[in-house]
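Reproduced below: model08.pdb, with PDB, C-alpha atoms.
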ATOM      1  CA  GLN A   1     148.940 135.001  79.504
ATOM      2  CA  VAL A   2     149.635 137.356  76.653
ATOM      3  CA  GLN A   3     146.683 138.767  74.743
ATOM      4  CA  LEU A   4     147.207 139.095  70.987
ATOM      5  CA  VAL A   5     145.123 141.106  68.544
ATOM      6  CA  GLU A   6     145.718 140.780  64.792
ATOM      7  CA  SER A   7     144.702 143.289  62.161
ATOM      8  CA  GLY A   8     145.362 144.070  58.522
ATOM      9  CA  GLY A   9     143.756 141.173  56.734
ATOM     10  CA  GLY A  10     141.470 141.608  53.758
ATOM     11  CA  LEU A  11     140.824 140.906  50.109
ATOM     12  CA  VAL A  12     143.578 141.594  47.600
ATOM     13  CA  GLN A  13     144.265 140.671  43.991
ATOM     14  CA  ALA A  14     147.053 138.299  43.076
ATOM     15  CA  GLY A  15     150.339 140.152  42.961
ATOM     16  CA  GLY A  16     149.214 142.624  45.582
ATOM     17  CA  SER A  17     150.475 143.331  49.082
ATOM     18  CA  LEU A  18     149.146 143.386  52.620
ATOM     19  CA  ARG A  19     150.681 144.084  55.999
ATOM     20  CA  LEU A  20     149.424 142.217  59.017
ATOM     21  CA  SER A  21     149.927 143.542  62.532
ATOM     22  CA  CYS A  22     149.717 141.773  65.869
ATOM     23  CA  ALA A  23     149.604 143.826  69.050
ATOM     24  CA  ALA A  24     150.511 142.094  72.306
ATOM     25  CA  SER A  25     149.584 142.977  75.846
ATOM     26  CA  GLY A  26     151.863 142.898  78.855
ATOM     27  CA  SER A  27     155.537 143.380  79.492
ATOM     28  CA  LEU A  28     156.997 140.125  78.141
ATOM     29  CA  PHE A  29     156.857 140.935  74.437
ATOM     30  CA  SER A  30     160.544 141.688  73.980
ATOM     31  CA  ILE A  31     161.646 138.269  75.255
ATOM     32  CA  MET A  32     159.117 136.240  73.326
ATOM     33  CA  THR A  33     159.414 134.470  70.004
ATOM     34  CA  MET A  34     156.663 135.770  67.769
ATOM     35  CA  GLY A  35     155.249 133.807  64.891
ATOM     36  CA  TRP A  36     152.718 134.016  62.122
ATOM     37  CA  TYR A  37     150.823 130.870  61.187
ATOM     38  CA  ARG A  38     148.075 130.270  58.666
ATOM     39  CA  GLN A  39     145.317 127.782  58.134
ATOM     40  CA  ALA A  40     143.530 127.291  54.858
ATOM     41  CA  PRO A  41     140.189 125.455  54.634
ATOM     42  CA  GLY A  42     140.685 121.725  54.989
ATOM     43  CA  LYS A  43     144.368 122.083  55.802
ATOM     44  CA  GLN A  44     146.459 122.015  58.948
ATOM     45  CA  ARG A  45     147.768 125.160  60.516
ATOM     46  CA  GLU A  46     151.294 125.858  59.277
ATOM     47  CA  LEU A  47     154.124 128.126  60.284
ATOM     48  CA  VAL A  48     154.610 131.072  57.941
ATOM     49  CA  ALA A  49     157.340 133.036  59.701
ATOM     50  CA  LEU A  50     158.839 133.611  63.106
ATOM     51  CA  ILE A  51     161.144 136.106  64.763
ATOM     52  CA  THR A  52     162.999 135.481  67.992
ATOM     53  CA  SER A  53     163.798 137.938  70.747
ATOM     54  CA  GLY A  54     167.225 138.274  69.139
ATOM     55  CA  ARG A  55     165.531 139.058  65.811
ATOM     56  CA  ARG A  56     166.534 135.813  64.130
ATOM     57  CA  THR A  57     163.940 135.052  61.480
ATOM     58  CA  ASP A  58     162.733 131.892  59.797
ATOM     59  CA  TYR A  59     160.299 131.447  56.929
ATOM     60  CA  ALA A  60     158.324 128.702  55.262
ATOM     61  CA  ASP A  61     159.827 127.882  51.883
ATOM     62  CA  SER A  62     156.581 128.882  50.184
ATOM     63  CA  VAL A  63     156.881 132.508  51.341
ATOM     64  CA  LYS A  64     160.629 133.111  51.265
ATOM     65  CA  GLY A  65     161.459 136.220  49.281
ATOM     66  CA  ARG A  66     157.855 137.437  49.399
ATOM     67  CA  PHE A  67     157.033 137.841  53.101
ATOM     68  CA  THR A  68     158.958 139.720  55.774
ATOM     69  CA  ILE A  69     158.415 139.449  59.513
ATOM     70  CA  SER A  70     159.527 142.241  61.814
ATOM     71  CA  ARG A  71     158.924 143.433  65.345
ATOM     72  CA  ASP A  72     158.766 146.727  67.186
ATOM     73  CA  ASN A  73     159.395 146.074  70.861
ATOM     74  CA  ALA A  74     158.547 149.662  71.793
ATOM     75  CA  LYS A  75     155.046 149.113  70.399
ATOM     76  CA  ASN A  76     154.679 145.455  71.464
ATOM     77  CA  THR A  77     153.827 144.694  67.850
ATOM     78  CA  VAL A  78     154.914 142.147  65.268
ATOM     79  CA  TYR A  79     154.301 142.646  61.568
ATOM     80  CA  LEU A  80     154.070 140.452  58.517
ATOM     81  CA  GLN A  81     154.638 142.280  55.254
ATOM     82  CA  MET A  82     153.276 140.177  52.427
ATOM     83  CA  THR A  83     154.076 140.956  48.798
ATOM     84  CA  SER A  84     153.513 139.202  45.478
ATOM     85  CA  LEU A  85     150.517 137.486  47.008
ATOM     86  CA  LYS A  86     149.166 134.351  45.384
ATOM     87  CA  PRO A  87     145.740 132.699  45.605
ATOM     88  CA  GLU A  88     147.350 129.878  47.564
ATOM     89  CA  ASP A  89     148.208 132.383  50.312
ATOM     90  CA  THR A  90     144.503 132.594  51.092
ATOM     91  CA  ALA A  91     143.999 131.535  54.710
ATOM     92  CA  VAL A  92     143.251 132.701  58.206
ATOM     93  CA  TYR A  93     146.480 134.102  59.605
ATOM     94  CA  TYR A  94     147.186 133.708  63.303
ATOM     95  CA  CYS A  95     149.716 135.422  65.518
ATOM     96  CA  ASN A  96     151.527 133.375  68.156
ATOM     97  CA  ALA A  97     153.641 134.370  71.126
ATOM     98  CA  ASP A  98     155.900 131.856  72.794
ATOM     99  CA  TYR A  99     158.337 131.923  75.690
ATOM    100  CA  LEU A 100     160.171 128.637  76.124
ATOM    101  CA  LYS A 101     156.830 126.809  75.679
ATOM    102  CA  THR A 102     155.851 127.894  79.202
ATOM    103  CA  ILE A 103     153.823 130.793  77.886
ATOM    104  CA  ASN A 104     152.103 130.290  74.551
ATOM    105  CA  SER A 105     149.271 132.427  73.250
ATOM    106  CA  TRP A 106     147.296 132.735  70.029
ATOM    107  CA  GLY A 107     145.403 135.585  68.494
ATOM    108  CA  GLN A 108     141.906 135.276  67.092
ATOM    109  CA  GLY A 109     143.064 135.245  63.481
ATOM    110  CA  THR A 110     142.598 137.522  60.507
ATOM    111  CA  GLN A 111     141.343 136.456  57.081
ATOM    112  CA  VAL A 112     143.506 137.003  54.019
ATOM    113  CA  THR A 113     141.884 136.320  50.676
ATOM    114  CA  VAL A 114     143.827 136.575  47.419
ATOM    115  CA  SER A 115     141.781 136.593  44.257
ATOM    116  CA  SER A 116     143.133 135.413  40.922
TER     117      SER A 116
END
As C-alpha cells - that is how I would like this structure written.
Amino acid sequence: QVQLVESGGGLVQAGGSLRLSCAASGSLFSIMTMGWYRQAPGKQRELVALITSGRRTDYADSVKGRFTISRDNAKNTVYLQMTSLKPEDTAVYYCNADYLKTINSWGQGTQVTVSS
C-alpha cells in the first residue's frame, strides 16, 4: 500500500489562497493517478481534481479556473493550488492514490475552512 500524508490546510478568508500538499511513500508514485477529494459536513465525498501519470488533469466544475492540481514525481508529491476560495470550499480535503483500482490509498485528510 501507498502511505499518503496531506498538509497545507487551514483557515483562510474568502478570496484567499491555499496550497495543499500530499506526500506519498514508495516507488509507485509516478505511475499512479493522484486525486484530491473533499467532504463537507453532511455531504458525500466528492472529487475535486485528479492528475494521471501522463499528467492529464480533470476538475470538478465547481473549482475549474480556481484550483490547479500538479505533481512532482521526483518528490513523490501532488499539490492542489486553491485560489479565489469561497465559503462553500470548506471541507476536509483528502488525497487519493490509485493504480488501476488494484492499489488505492487515502490520506488522513486536512481541514480547509474559508470564512466569509
At a cut-off of 12 Å, using only C-alpha atoms, what residues contact Tyr93 in chain A? Leave out same-chain residues fewer than 2 positions from it and give the result as an MDAnalysis selection string.
chainID A and resid 5:10 18:22 35:41 45:49 79:80 82 89:91 95:96 106:113
Determine, counting all atoms listed in the file, every residue of protein, DNA or RNA that lies within 7 Å of (166.1, 136.8, 74.8) in the file coordinates, then give the result as a VMD selection string.
chain A and resid 31 53 to 54
Could you save the residues just selected, with C-alpha atoms, as a compact mmCIF listing (two decimals), keeping the file's coordinate frame?
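After the write, result_37.txt holds the following:
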# COMPACT_ATOMS: atom_id res chain seq x y z
CA ILE A 31 161.65 138.27 75.26
CA SER A 53 163.80 137.94 70.75
CA GLY A 54 167.22 138.27 69.14
Name the residues, using the chain letters and numbers of the file, that sit within 9 Å of (159.4, 136.9, 55.0) when counting only C-alpha atoms, and give them as a PDB file with C-alpha atoms, in the coordinates of the input.
ATOM      1  CA  VAL A  48     154.610 131.072  57.941  1.00  0.00           C
ATOM      2  CA  ALA A  49     157.340 133.036  59.701  1.00  0.00           C
ATOM      3  CA  LEU A  50     158.839 133.611  63.106  1.00  0.00           C
ATOM      4  CA  THR A  57     163.940 135.052  61.480  1.00  0.00           C
ATOM      5  CA  ASP A  58     162.733 131.892  59.797  1.00  0.00           C
ATOM      6  CA  TYR A  59     160.299 131.447  56.929  1.00  0.00           C
ATOM      7  CA  ALA A  60     158.324 128.702  55.262  1.00  0.00           C
ATOM      8  CA  VAL A  63     156.881 132.508  51.341  1.00  0.00           C
ATOM      9  CA  LYS A  64     160.629 133.111  51.265  1.00  0.00           C
ATOM     10  CA  GLY A  65     161.459 136.220  49.281  1.00  0.00           C
ATOM     11  CA  ARG A  66     157.855 137.437  49.399  1.00  0.00           C
ATOM     12  CA  PHE A  67     157.033 137.841  53.101  1.00  0.00           C
ATOM     13  CA  THR A  68     158.958 139.720  55.774  1.00  0.00           C
ATOM     14  CA  ILE A  69     158.415 139.449  59.513  1.00  0.00           C
ATOM     15  CA  SER A  70     159.527 142.241  61.814  1.00  0.00           C
ATOM     16  CA  LEU A  80     154.070 140.452  58.517  1.00  0.00           C
ATOM     17  CA  GLN A  81     154.638 142.280  55.254  1.00  0.00           C
ATOM     18  CA  MET A  82     153.276 140.177  52.427  1.00  0.00           C
TER      19      MET A  82
END
Using only C-alpha atoms, which of A:Leu85, A:Ala97, A:Met34, A:Leu4 sits nearest Ser17 in chain A?
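Closest to Ser17 in chain A of all the choices is A:Leu85.
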Can you measure CA of Val2 in chain A to CA of Lys101 in chain A for me? One decimal in Å is fine.
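Pair CA of Val2 in chain A / CA of Lys101 in chain A returns 12.8 Å.
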Give the answer as one residue: which of A:Leu100, A:Ala74, A:Gln13, A:Ile51 has the shortest atom-to-atom distance to Gly26 in chain A, using all atoms listed in the file?
A:Ala74
By how many Å are CA of Val114 in chain A and CA of Gln3 in chain A apart?
27.6 Å
Which residues are near Pro87 in chain A? Cut-off 7 Å, all atoms listed in the file, ignore same chain within fewer than 5 positions. Put them as JSON, numbers by chain.
{"A": [14, 114, 115, 116]}
Asp72 in chain A: which residues within 10 Å, counting only C-alpha atoms, same-chain residues fewer than 4 positions away excluded, as a PyMOL selection string?
chain A and resi 23+29-30+76-79
Quick one: pull the distance between CA of Gly16 in chain A and CA of Arg55 in chain A, Å, one decimal.
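A separation of 26.2 Å between them.
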Taking into account all atoms listed in the file, which residue in the set A:Thr102, A:Thr83, A:Thr33, A:Gln44 is nearest to Arg71 in chain A?
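Closest to Arg71 in chain A, using all atoms listed in the file: A:Thr33.
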Select, from A:Lys43, A:Asp61, A:Asn104, A:Leu28, the residue with the minimum atom-to-atom distance to Val92 in chain A, counting all atoms listed in the file.
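Closest residue, counting all atoms listed in the file: A:Lys43.
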May I ask you to restore N, CA and C atoms in range 13-39 of chain A and write the result as a PDB file, keeping the file's coordinate frame?
ATOM      1  N   GLN A  13     144.044 141.398  45.245  1.00  0.00           N
ATOM      2  CA  GLN A  13     144.265 140.671  43.991  1.00  0.00           C
ATOM      3  C   GLN A  13     145.638 140.015  43.995  1.00  0.00           C
ATOM      4  N   ALA A  14     145.760 138.960  43.225  1.00  0.00           N
ATOM      5  CA  ALA A  14     147.053 138.299  43.076  1.00  0.00           C
ATOM      6  C   ALA A  14     148.101 139.312  42.629  1.00  0.00           C
ATOM      7  N   GLY A  15     149.272 139.218  43.237  1.00  0.00           N
ATOM      8  CA  GLY A  15     150.339 140.152  42.961  1.00  0.00           C
ATOM      9  C   GLY A  15     150.355 141.350  43.892  1.00  0.00           C
ATOM     10  N   GLY A  16     149.314 141.499  44.672  1.00  0.00           N
ATOM     11  CA  GLY A  16     149.214 142.624  45.582  1.00  0.00           C
ATOM     12  C   GLY A  16     149.942 142.393  46.893  1.00  0.00           C
ATOM     13  N   SER A  17     149.777 143.361  47.793  1.00  0.00           N
ATOM     14  CA  SER A  17     150.475 143.331  49.082  1.00  0.00           C
ATOM     15  C   SER A  17     149.512 143.616  50.225  1.00  0.00           C
ATOM     16  N   LEU A  18     149.857 143.092  51.381  1.00  0.00           N
ATOM     17  CA  LEU A  18     149.146 143.386  52.620  1.00  0.00           C
ATOM     18  C   LEU A  18     150.160 143.384  53.752  1.00  0.00           C
ATOM     19  N   ARG A  19     149.865 144.143  54.788  1.00  0.00           N
ATOM     20  CA  ARG A  19     150.681 144.084  55.999  1.00  0.00           C
ATOM     21  C   ARG A  19     149.790 143.723  57.173  1.00  0.00           C
ATOM     22  N   LEU A  20     150.128 142.638  57.816  1.00  0.00           N
ATOM     23  CA  LEU A  20     149.424 142.217  59.017  1.00  0.00           C
ATOM     24  C   LEU A  20     150.153 142.753  60.244  1.00  0.00           C
ATOM     25  N   SER A  21     149.370 143.090  61.261  1.00  0.00           N
ATOM     26  CA  SER A  21     149.927 143.542  62.532  1.00  0.00           C
ATOM     27  C   SER A  21     149.363 142.686  63.655  1.00  0.00           C
ATOM     28  N   CYS A  22     150.155 142.514  64.696  1.00  0.00           N
ATOM     29  CA  CYS A  22     149.717 141.773  65.869  1.00  0.00           C
ATOM     30  C   CYS A  22     150.211 142.534  67.098  1.00  0.00           C
ATOM     31  N   ALA A  23     149.273 143.075  67.846  1.00  0.00           N
ATOM     32  CA  ALA A  23     149.604 143.826  69.050  1.00  0.00           C
ATOM     33  C   ALA A  23     149.471 142.923  70.271  1.00  0.00           C
ATOM     34  N   ALA A  24     150.486 142.949  71.122  1.00  0.00           N
ATOM     35  CA  ALA A  24     150.511 142.094  72.306  1.00  0.00           C
ATOM     36  C   ALA A  24     150.367 142.915  73.568  1.00  0.00           C
ATOM     37  N   SER A  25     149.717 142.318  74.546  1.00  0.00           N
ATOM     38  CA  SER A  25     149.584 142.977  75.846  1.00  0.00           C
ATOM     39  C   SER A  25     150.735 142.564  76.751  1.00  0.00           C
ATOM     40  N   GLY A  26     150.911 143.298  77.835  1.00  0.00           N
ATOM     41  CA  GLY A  26     151.863 142.898  78.855  1.00  0.00           C
ATOM     42  C   GLY A  26     153.270 143.376  78.602  1.00  0.00           C
ATOM     43  N   SER A  27     154.161 142.893  79.488  1.00  0.00           N
ATOM     44  CA  SER A  27     155.537 143.380  79.492  1.00  0.00           C
ATOM     45  C   SER A  27     156.554 142.345  79.027  1.00  0.00           C
ATOM     46  N   LEU A  28     156.094 141.202  78.521  1.00  0.00           N
ATOM     47  CA  LEU A  28     156.997 140.125  78.141  1.00  0.00           C
ATOM     48  C   LEU A  28     157.341 140.099  76.659  1.00  0.00           C
ATOM     49  N   PHE A  29     156.762 141.011  75.896  1.00  0.00           N
ATOM     50  CA  PHE A  29     156.857 140.935  74.437  1.00  0.00           C
ATOM     51  C   PHE A  29     158.294 140.812  73.971  1.00  0.00           C
ATOM     52  N   SER A  30     159.182 141.614  74.511  1.00  0.00           N
ATOM     53  CA  SER A  30     160.544 141.688  73.980  1.00  0.00           C
ATOM     54  C   SER A  30     161.321 140.376  74.138  1.00  0.00           C
ATOM     55  N   ILE A  31     160.908 139.516  75.044  1.00  0.00           N
ATOM     56  CA  ILE A  31     161.646 138.269  75.255  1.00  0.00           C
ATOM     57  C   ILE A  31     160.970 137.075  74.578  1.00  0.00           C
ATOM     58  N   MET A  32     159.894 137.324  73.905  1.00  0.00           N
ATOM     59  CA  MET A  32     159.117 136.240  73.326  1.00  0.00           C
ATOM     60  C   MET A  32     159.438 136.021  71.847  1.00  0.00           C
ATOM     61  N   THR A  33     159.364 134.782  71.427  1.00  0.00           N
ATOM     62  CA  THR A  33     159.414 134.470  70.004  1.00  0.00           C
ATOM     63  C   THR A  33     158.021 134.677  69.435  1.00  0.00           C
ATOM     64  N   MET A  34     157.945 135.459  68.393  1.00  0.00           N
ATOM     65  CA  MET A  34     156.663 135.770  67.769  1.00  0.00           C
ATOM     66  C   MET A  34     156.579 135.071  66.422  1.00  0.00           C
ATOM     67  N   GLY A  35     155.412 134.520  66.144  1.00  0.00           N
ATOM     68  CA  GLY A  35     155.249 133.807  64.891  1.00  0.00           C
ATOM     69  C   GLY A  35     153.932 134.120  64.219  1.00  0.00           C
ATOM     70  N   TRP A  36     153.942 133.963  62.916  1.00  0.00           N
ATOM     71  CA  TRP A  36     152.718 134.016  62.122  1.00  0.00           C
ATOM     72  C   TRP A  36     152.471 132.622  61.555  1.00  0.00           C
ATOM     73  N   TYR A  37     151.258 132.151  61.725  1.00  0.00           N
ATOM     74  CA  TYR A  37     150.823 130.870  61.187  1.00  0.00           C
ATOM     75  C   TYR A  37     149.606 131.116  60.302  1.00  0.00           C
ATOM     76  N   ARG A  38     149.285 130.145  59.469  1.00  0.00           N
ATOM     77  CA  ARG A  38     148.075 130.270  58.666  1.00  0.00           C
ATOM     78  C   ARG A  38     147.399 128.914  58.529  1.00  0.00           C
ATOM     79  N   GLN A  39     146.096 129.000  58.326  1.00  0.00           N
ATOM     80  CA  GLN A  39     145.317 127.782  58.134  1.00  0.00           C
ATOM     81  C   GLN A  39     144.301 128.010  57.027  1.00  0.00           C
TER      82      GLN A  39
END
